[in-house]
$ cat input_23.txt   # compact mmCIF, C-alpha atoms
# COMPACT_ATOMS: atom_id res chain seq x y z
CA MET A 1 13.14 -15.07 -20.63
CA PRO A 2 14.87 -13.12 -17.82
CA SER A 3 12.41 -12.37 -15.03
CA THR A 4 14.71 -11.98 -12.01
CA TRP A 5 16.17 -8.85 -10.41
CA GLY A 6 18.64 -8.30 -7.56
CA LYS A 7 21.73 -9.81 -5.92
CA ILE A 8 20.59 -10.30 -2.31
CA PHE A 9 17.01 -9.01 -2.22
CA LYS A 10 16.12 -11.05 -5.29
CA ILE A 11 12.72 -11.02 -6.98
CA THR A 12 11.32 -13.21 -9.76
CA THR A 13 8.04 -12.08 -11.31
CA PHE A 14 5.71 -14.47 -13.13
CA GLY A 15 2.46 -14.52 -15.05
CA GLU A 16 0.93 -12.88 -18.12
CA SER A 17 -1.73 -10.26 -18.70
CA HIS A 18 -4.49 -12.76 -19.47
CA GLY A 19 -3.18 -15.81 -17.60
CA THR A 20 -4.79 -17.10 -14.42
CA SER A 21 -2.50 -15.18 -12.05
CA VAL A 22 0.51 -12.90 -11.77
CA GLY A 23 2.88 -12.49 -8.88
CA VAL A 24 6.39 -12.58 -7.45
CA VAL A 25 8.79 -14.78 -5.52
CA ILE A 26 11.08 -12.84 -3.16
CA GLU A 27 14.34 -14.28 -1.85
CA GLY A 28 16.79 -12.76 0.62
CA LEU A 29 14.42 -11.64 3.36
CA PRO A 30 15.85 -12.55 6.78
CA GLY A 31 13.65 -14.52 9.14
CA GLY A 32 11.73 -12.73 11.86
CA MET A 33 11.00 -9.51 9.96
CA PRO A 34 7.51 -7.99 10.43
CA PHE A 35 5.37 -8.62 7.33
CA SER A 36 2.40 -6.42 6.44
CA LEU A 37 0.05 -7.59 3.70
CA GLU A 38 -1.87 -4.33 4.18
CA GLU A 39 1.14 -2.24 3.08
CA ILE A 40 1.51 -4.38 -0.05
CA GLN A 41 -2.19 -4.06 -0.84
CA LYS A 42 -1.97 -0.28 -0.42
CA ASP A 43 0.65 0.02 -3.15
CA LEU A 44 -1.14 -2.44 -5.45
CA SER A 45 -4.37 -0.48 -5.11
CA ARG A 46 -2.55 2.65 -6.31
CA ARG A 47 -1.36 0.70 -9.38
CA ARG A 48 -4.53 -1.24 -10.26
CA PRO A 49 -6.59 -0.60 -13.42
CA GLY A 50 -10.08 0.90 -13.43
CA GLN A 51 -9.37 3.46 -10.69
CA ASN A 52 -11.08 6.33 -12.51
CA LEU A 53 -12.09 7.57 -15.95
CA LEU A 54 -8.49 8.41 -16.87
CA THR A 55 -7.42 4.74 -16.88
CA THR A 56 -8.33 1.51 -18.66
CA PRO A 57 -11.90 0.32 -17.95
CA ARG A 58 -10.58 -3.15 -17.08
CA LYS A 59 -11.76 -3.80 -13.52
CA GLU A 60 -9.39 -5.73 -11.26
CA ASP A 61 -9.32 -5.73 -7.46
CA ASP A 62 -5.69 -6.89 -7.54
CA GLU A 63 -6.17 -8.49 -4.14
CA VAL A 64 -2.86 -10.01 -3.02
CA ARG A 65 -2.39 -13.20 -1.08
CA VAL A 66 0.75 -14.71 0.42
CA VAL A 67 1.32 -18.43 -0.16
CA SER A 68 4.74 -19.02 1.40
CA GLY A 69 7.51 -17.57 3.54
CA VAL A 70 5.37 -15.94 6.26
CA PHE A 71 4.13 -17.28 9.61
CA GLU A 72 2.19 -15.37 12.25
CA GLY A 73 2.96 -12.01 10.67
CA LYS A 74 6.70 -12.50 10.26
CA THR A 75 9.04 -13.79 7.57
CA ILE A 76 10.59 -17.21 8.21
CA GLY A 77 13.66 -16.85 5.97
CA SER A 78 12.36 -18.94 3.06
CA PRO A 79 11.17 -17.40 -0.25
CA VAL A 80 8.02 -15.29 0.04
CA CYS A 81 5.53 -15.91 -2.77
CA LEU A 82 2.74 -13.43 -3.53
CA PHE A 83 -0.17 -14.10 -5.89
CA VAL A 84 -2.74 -11.83 -7.56
CA ASP A 85 -5.47 -13.48 -9.65
CA ASN A 86 -6.60 -12.08 -13.00
CA LYS A 87 -10.38 -11.84 -12.68
CA ASN A 88 -11.41 -9.59 -15.58
CA ALA A 89 -9.36 -10.86 -18.52
CA ILE A 90 -11.34 -10.87 -21.79
CA GLY A 91 -9.21 -12.77 -24.31
CA ARG A 92 -11.69 -12.38 -27.17
CA ASP A 93 -10.89 -8.65 -27.30
CA TYR A 94 -7.48 -9.62 -28.67
CA GLU A 95 -8.46 -12.22 -31.26
CA LYS A 96 -7.94 -9.68 -34.06
CA PHE A 97 -4.26 -9.44 -32.96
CA ARG A 98 -3.54 -13.15 -33.41
CA HIS A 99 -1.88 -12.61 -36.79
CA ILE A 100 -1.41 -8.81 -36.78
CA TYR A 101 1.38 -6.79 -35.18
CA ARG A 102 0.27 -3.67 -33.30
CA PRO A 103 2.45 -0.63 -34.21
CA SER A 104 5.05 0.21 -31.52
CA HIS A 105 3.94 -2.75 -29.38
CA ALA A 106 6.09 -5.79 -28.53
CA ASP A 107 4.10 -8.15 -30.82
CA PHE A 108 6.61 -8.17 -33.67
CA THR A 109 9.78 -8.20 -31.57
CA TYR A 110 8.55 -11.08 -29.34
CA ASP A 111 7.69 -13.07 -32.46
CA ALA A 112 11.07 -12.26 -34.00
CA LYS A 113 12.90 -13.42 -30.86
CA TYR A 114 10.93 -16.49 -29.76
CA GLY A 115 9.06 -17.52 -32.92
CA PHE A 116 5.88 -17.56 -30.83
CA ARG A 117 3.93 -15.07 -28.74
CA SER A 118 0.85 -14.59 -26.60
CA HIS A 119 -1.39 -12.26 -28.57
CA VAL A 120 -3.87 -11.75 -25.71
CA GLY A 121 -2.99 -8.66 -23.71
CA GLY A 122 0.63 -8.68 -24.75
CA GLY A 123 1.72 -11.51 -22.44
CA ARG A 124 4.81 -10.56 -20.43
CA ALA A 125 5.02 -7.20 -22.24
CA SER A 126 1.83 -6.10 -20.48
CA VAL A 127 1.94 -3.67 -17.58
CA ARG A 128 0.24 -6.37 -15.45
CA GLU A 129 3.69 -7.93 -15.10
CA THR A 130 4.54 -4.99 -12.84
CA ILE A 131 2.14 -6.24 -10.15
CA GLY A 132 4.95 -8.46 -8.85
CA ARG A 133 7.40 -5.56 -8.83
CA VAL A 134 5.00 -3.29 -6.95
CA ALA A 135 4.23 -6.01 -4.38
CA ALA A 136 7.94 -6.66 -3.74
CA GLY A 137 8.62 -2.92 -3.85
CA ALA A 138 6.14 -2.38 -1.02
CA ILE A 139 8.12 -4.76 1.18
CA ALA A 140 11.30 -2.91 0.23
CA ARG A 141 9.64 0.46 0.98
CA VAL A 142 8.64 -0.60 4.48
CA ILE A 143 12.12 -1.95 5.32
CA LEU A 144 13.89 1.15 3.96
CA GLU A 145 11.59 3.47 5.90
CA ARG A 146 11.87 1.49 9.12
CA GLU A 147 15.61 0.83 9.11
CA LEU A 148 17.09 3.87 7.32
CA GLY A 149 14.32 6.48 7.19
CA ILE A 150 14.41 6.47 3.37
CA SER A 151 11.30 7.85 1.66
CA THR A 152 10.64 7.61 -2.10
CA ILE A 153 7.91 9.80 -3.59
CA ALA A 154 7.08 10.00 -7.31
CA TRP A 155 4.53 12.11 -9.19
CA VAL A 156 3.39 12.97 -12.71
CA ASP A 157 5.46 15.94 -13.84
CA SER A 158 4.17 16.39 -17.38
CA ILE A 159 1.50 15.14 -19.76
CA GLY A 160 2.16 16.05 -23.38
CA THR A 161 3.08 19.75 -23.38
CA VAL A 162 1.54 20.43 -19.95
CA ASN A 163 4.26 20.77 -17.31
CA ALA A 164 4.02 20.93 -13.52
CA ASP A 165 5.96 23.54 -11.57
CA LEU A 166 7.14 21.57 -8.54
CA GLU A 167 10.94 21.70 -8.76
CA SER A 168 11.26 24.13 -5.83
CA ASN A 169 8.54 22.45 -3.76
CA PRO A 170 8.28 18.72 -4.55
CA PRO A 171 5.60 16.69 -2.74
CA LYS A 172 6.52 15.07 0.57
CA SER A 173 3.71 12.52 0.93
CA PHE A 174 1.64 10.01 -1.03
CA GLU A 175 -1.46 11.92 0.05
CA GLU A 176 -0.25 15.03 -1.79
CA VAL A 177 0.41 13.02 -4.94
CA ASP A 178 -2.91 11.16 -4.77
CA SER A 179 -4.94 14.33 -4.19
CA ASN A 180 -6.22 14.10 -7.80
CA ASP A 181 -6.72 11.37 -10.41
CA VAL A 182 -3.74 12.35 -12.55
CA ARG A 183 -1.32 12.14 -9.55
CA CYS A 184 0.14 15.60 -10.11
CA PRO A 185 0.19 17.73 -6.93
CA ASP A 186 0.42 20.99 -8.88
CA PRO A 187 -3.11 22.45 -8.55
CA LYS A 188 -2.71 24.52 -11.72
CA ALA A 189 -1.25 21.85 -13.98
CA ALA A 190 -3.33 18.86 -12.81
CA PRO A 191 -6.68 19.98 -14.34
CA LEU A 192 -4.95 20.74 -17.65
CA MET A 193 -3.35 17.29 -17.62
CA GLU A 194 -6.69 15.63 -16.94
CA GLU A 195 -8.25 17.62 -19.77
CA LYS A 196 -5.48 16.50 -22.13
CA ILE A 197 -6.00 12.81 -21.24
CA ARG A 198 -9.78 13.07 -21.67
CA GLU A 199 -9.24 14.78 -25.02
CA VAL A 200 -7.11 11.97 -26.48
CA ARG A 201 -9.31 9.28 -24.94
CA LYS A 202 -12.39 10.71 -26.63
CA ILE A 203 -10.85 10.23 -30.10
CA GLY A 204 -9.30 6.84 -29.31
CA ASP A 205 -5.74 8.14 -29.12
CA SER A 206 -3.11 8.19 -26.34
CA ILE A 207 -0.50 10.54 -24.87
CA GLY A 208 2.79 10.31 -22.96
CA GLY A 209 4.63 12.35 -20.35
CA THR A 210 7.20 12.28 -17.56
CA ILE A 211 7.38 11.20 -13.94
CA ARG A 212 9.71 12.71 -11.35
CA ALA A 213 10.80 11.03 -8.14
CA VAL A 214 12.70 12.14 -5.05
CA VAL A 215 14.42 9.79 -2.60
CA ARG A 216 14.89 11.52 0.75
CA ASN A 217 17.16 10.50 3.65
CA CYS A 218 19.28 8.09 1.62
CA PRO A 219 22.58 7.78 3.51
CA PRO A 220 25.93 8.15 1.72
CA GLY A 221 27.66 4.98 0.62
CA LEU A 222 25.07 2.95 -1.31
CA GLY A 223 26.14 1.64 -4.70
CA ASP A 224 29.45 0.52 -6.14
CA PRO A 225 31.84 1.93 -8.74
CA VAL A 226 32.15 0.78 -12.35
CA TYR A 227 29.62 -1.98 -13.17
CA ASP A 228 27.30 -1.75 -10.15
CA LYS A 229 26.79 2.00 -10.03
CA LEU A 230 23.61 2.95 -8.21
CA ASP A 231 22.56 5.29 -11.02
CA GLY A 232 23.16 2.51 -13.55
CA ASP A 233 20.99 0.08 -11.57
CA LEU A 234 18.29 2.71 -11.11
CA GLY A 235 18.29 3.46 -14.83
CA ARG A 236 18.06 -0.22 -15.73
CA ALA A 237 15.20 -0.82 -13.29
CA VAL A 238 13.15 2.19 -14.36
CA LEU A 239 13.77 1.67 -18.08
CA SER A 240 12.55 -1.91 -17.73
CA ILE A 241 9.05 -0.61 -16.93
CA PRO A 242 6.72 -0.97 -19.95
CA ALA A 243 6.50 2.22 -22.07
CA CYS A 244 9.47 3.91 -20.34
CA LYS A 245 11.78 5.39 -22.99
CA GLY A 246 13.98 7.87 -21.11
CA PHE A 247 15.77 8.29 -17.78
CA GLU A 248 17.66 11.11 -16.06
CA ILE A 249 19.33 11.64 -12.69
CA GLY A 250 19.96 15.12 -11.32
CA SER A 251 20.43 17.72 -14.03
CA GLY A 252 20.32 15.00 -16.71
CA PHE A 253 20.48 16.26 -20.27
CA GLU A 254 19.98 19.83 -19.08
CA GLY A 255 23.37 19.58 -17.36
CA THR A 256 25.11 19.44 -20.75
CA LYS A 257 24.41 23.16 -21.12
CA TYR A 258 26.52 24.10 -18.06
CA ARG A 259 30.23 24.68 -17.59
CA GLY A 260 31.96 22.67 -14.88
CA SER A 261 32.27 25.74 -12.69
CA GLU A 262 28.49 26.17 -12.89
CA HIS A 263 27.52 22.52 -12.60
CA ASN A 264 29.77 21.25 -9.80
CA ASP A 265 28.11 20.72 -6.41
CA GLU A 266 30.37 22.42 -3.86
CA PHE A 267 30.84 20.63 -0.53
CA TYR A 268 30.44 22.18 2.91
CA VAL A 269 30.18 21.00 6.51
CA GLU A 270 26.65 21.46 7.89
CA GLU A 271 26.67 23.46 11.09
CA GLY A 272 25.26 21.62 14.06
CA THR A 273 25.42 18.13 12.54
CA GLY A 274 28.95 17.96 11.15
CA ARG A 275 27.52 16.30 8.02
CA ILE A 276 29.23 16.75 4.67
CA ARG A 277 26.64 18.32 2.35
CA THR A 278 26.55 19.92 -1.10
CA LYS A 279 25.35 23.49 -1.75
CA THR A 280 23.52 22.38 -4.90
CA ASN A 281 22.34 18.98 -6.08
CA ARG A 282 22.89 18.84 -9.83
CA SER A 283 24.46 15.39 -9.31
CA GLY A 284 21.06 14.17 -8.15
CA GLY A 285 22.40 12.59 -4.97
CA LEU A 286 24.91 10.33 -6.72
CA GLN A 287 28.61 10.72 -7.49
CA GLY A 288 30.80 7.99 -8.92
CA GLY A 289 27.82 5.64 -8.81
CA ILE A 290 27.55 5.99 -5.00
CA SER A 291 24.95 7.90 -2.97
CA ASN A 292 26.31 11.08 -1.34
CA GLY A 293 23.56 11.69 1.23
CA GLU A 294 21.65 14.31 -0.74
CA ASN A 295 18.20 13.69 -2.25
CA ILE A 296 18.26 11.31 -5.20
CA THR A 297 16.31 13.02 -7.98
CA ILE A 298 15.04 11.11 -10.99
CA ARG A 299 12.98 11.83 -14.09
CA ALA A 300 11.54 9.15 -16.38
CA ALA A 301 9.86 9.57 -19.78
CA PHE A 302 6.93 7.40 -20.87
CA LYS A 303 5.74 7.12 -24.44
CA PRO A 304 2.05 7.22 -25.45
CA THR A 305 0.24 3.89 -25.02
CA ALA A 306 0.91 1.82 -28.15
CA THR A 307 -2.55 0.27 -28.50
CA ILE A 308 -5.04 2.88 -29.76
CA SER A 309 -8.40 2.89 -31.54
CA ILE A 310 -7.31 4.95 -34.55
CA GLU A 311 -6.62 3.14 -37.82
CA GLN A 312 -2.91 2.62 -38.53
CA GLY A 313 -0.87 0.85 -41.12
CA THR A 314 0.86 -2.37 -40.03
CA VAL A 315 1.69 -5.90 -41.21
CA ASP A 316 0.50 -9.38 -40.41
CA ASP A 317 2.64 -12.49 -39.85
CA THR A 318 2.37 -13.57 -43.51
CA PRO A 319 3.88 -10.89 -43.87
CA GLU A 320 1.51 -8.61 -45.79
CA ASN A 321 0.62 -4.96 -45.38
CA THR A 322 -2.69 -4.35 -43.65
CA ILE A 323 -4.69 -1.85 -41.59
CA LEU A 324 -5.45 -2.17 -37.87
CA LYS A 325 -7.97 -0.39 -35.65
CA ALA A 326 -7.07 -1.87 -32.29
CA GLY A 327 -9.89 -0.97 -29.86
CA GLY A 328 -10.10 -2.93 -26.60
CA ARG A 329 -9.50 -1.73 -23.02
CA HIS A 330 -6.36 0.35 -22.71
CA ASP A 331 -5.01 3.32 -20.77
CA PRO A 332 -5.13 6.54 -22.81
CA CYS A 333 -2.13 7.60 -20.69
CA VAL A 334 0.03 5.29 -18.56
CA LEU A 335 1.47 8.05 -16.36
CA PRO A 336 -0.97 8.11 -13.39
CA ARG A 337 -0.71 4.34 -12.85
CA ALA A 338 3.04 4.32 -13.49
CA VAL A 339 3.76 6.48 -10.41
CA PRO A 340 3.74 3.57 -7.88
CA ILE A 341 5.60 1.38 -10.39
CA VAL A 342 8.46 3.90 -10.61
CA GLU A 343 8.55 4.11 -6.80
CA ALA A 344 8.70 0.31 -6.58
CA ALA A 345 11.53 0.08 -9.13
CA ILE A 346 13.57 2.63 -7.16
CA ASN A 347 12.94 0.93 -3.82
CA LEU A 348 13.90 -2.48 -5.22
CA VAL A 349 17.27 -1.08 -6.31
CA LEU A 350 17.82 0.66 -2.97
CA ILE A 351 16.92 -2.36 -0.82
CA ASP A 352 19.32 -4.58 -2.75
CA ALA A 353 22.10 -1.99 -2.47
CA TYR A 354 21.33 -1.62 1.25
CA PHE A 355 21.42 -5.36 1.98
CA TYR A 356 24.64 -5.68 -0.04
CA GLN A 357 26.30 -2.77 1.78
CA ARG A 358 25.14 -4.07 5.16
CA SER A 359 26.60 -7.52 4.49
CA LEU A 360 30.00 -6.14 3.42
CA HIS A 361 30.34 -3.30 5.93
CA PRO A 362 28.50 -3.94 9.24
CA GLU A 363 30.00 -0.77 10.69
CA TRP A 364 28.24 1.25 7.98
CA TRP A 365 24.93 -0.28 9.03
CA GLN A 366 25.57 0.50 12.68
CA LYS A 367 26.29 4.12 11.78
CA HIS A 368 23.23 4.72 9.60
CA SER A 369 20.57 2.32 10.91
CA LEU A 370 17.64 3.75 12.88
CA LYS A 371 17.34 0.51 14.86

$ encode --input "input_23.txt" --output "structure tokens"
Amino acid sequence: MPSTWGKIFKITTFGESHGTSVGVVIEGLPGGMPFSLEEIQKDLSRRRPGQNLLTTPRKEDDEVRVVSGVFEGKTIGSPVCLFVDNKNAIGRDYEKFRHIYRPSHADFTYDAKYGFRSHVGGGRASVRETIGRVAAGAIARVILERELGISTIAWVDSIGTVNADLESNPPKSFEEVDSNDVRCPDPKAAPLMEEKIREVRKIGDSIGGTIRAVVRNCPPGLGDPVYDKLDGDLGRAVLSIPACKGFEIGSGFEGTKYRGSEHNDEFYVEEGTGRIRTKTNRSGGLQGGISNGENITIRAAFKPTATISIEQGTVDDTPENTILKAGGRHDPCVLPRAVPIVEAAINLVLIDAYFYQRSLHPEWWQKHSLK
């Protein structure tokens, strides 16, 4: 089962939803880099369950500990291993799923592929697998900010039919995004989104939506043509997040409605800096699979949570038709908790592209590094 991501900054996540622990092994960190467990914990706390009444009632502190690769606050060049213990797993909640496939969940497909599955919590298909990604993504975030000034901010842009209006004024800080439980910094849309989530939760249903993200201060030159395009890697990373079913960069599908003369981003030389810029950014900061120095803009679509408390038709592993009313502890909407996961996925792609570019072209690093 593939569980590894990256070429140079390489991560391997491990653990299952109701196992003893989950975590990540990170390779490729040079020795002597400052290491902050507090920054990792900050991102994990934004992702953890039980934050408020809009999320699953499962209570987990998600307290991270480092077991290798760090000495006296700095990396030593060997793999860094981070652990988070599962403290509130209740396996008996899932006993009814031992022989029954939940509609739109990974139960059937895992069984079809491996001939065996973990029915408690969904095993590796659970969103708890993303703890390792968020922990590693926090390390990537700190390095990108410190060495290149890159900042990645994501937020909930829609829940069901409720849409935020932030395209002309996207948030610039985590504090703006976290100003409410739904993680939408639009003061008009956020209460309507919360109301929509509470509405579906009350009847045991779920709802989906979209997340937008902006990467600021990404220098030109990251990514490679053809098979290692930065947009391709970003799409793969974001689409690998549980429940993510759609991905766009820049104008995305909306761009199909334009003519070339309307859609093209015209270049100009910025007065005072001499930088090559674009007058518009319908490309979303990427051209030919390589960053062009403009903001990287991303939108990701997340389906409604598969496990709900409303009766649905399904089959068991006999196979026979049957009826399932799932119950248990589940998010009525994954969007608020998915915000830091999307940020982590983006930062993991960017740090790997950065380390790769730096190793091949030292002069590029000297030009763009803040150090």

$ atom_distance --input "input_23.txt" --atom1 "atom CA of A:Glu320" --atom2 "atom CA of A:Tyr94"
19.4 Å

$ closest_residue --input "input_23.txt" --among "A:Cys218, A:Gly252, A:Glu266, A:Asp317" --to "A:Ser291" --atoms "only C-alpha atoms"
A:Cys218

$ closest_residue --input "input_23.txt" --among "A:His368, A:Val64, A:Ser17, A:Thr314" --to "A:Gly122" --atoms "only C-alpha atoms"
A:Ser17

$ closest_residue --input "input_23.txt" --among "A:Phe97, A:Arg124, A:Pro219, A:Gly6" --to "A:Tyr110" --atoms "only C-alpha atoms"
A:Arg124

$ residues_near_point --input "input_23.txt" --point "(27.1, 16.6, -3.1)" --cutoff "12 Å" --atoms "only C-alpha atoms" --output "ChimeraX atom specification"
/A:219-220,250,263-269,275-288,290-296
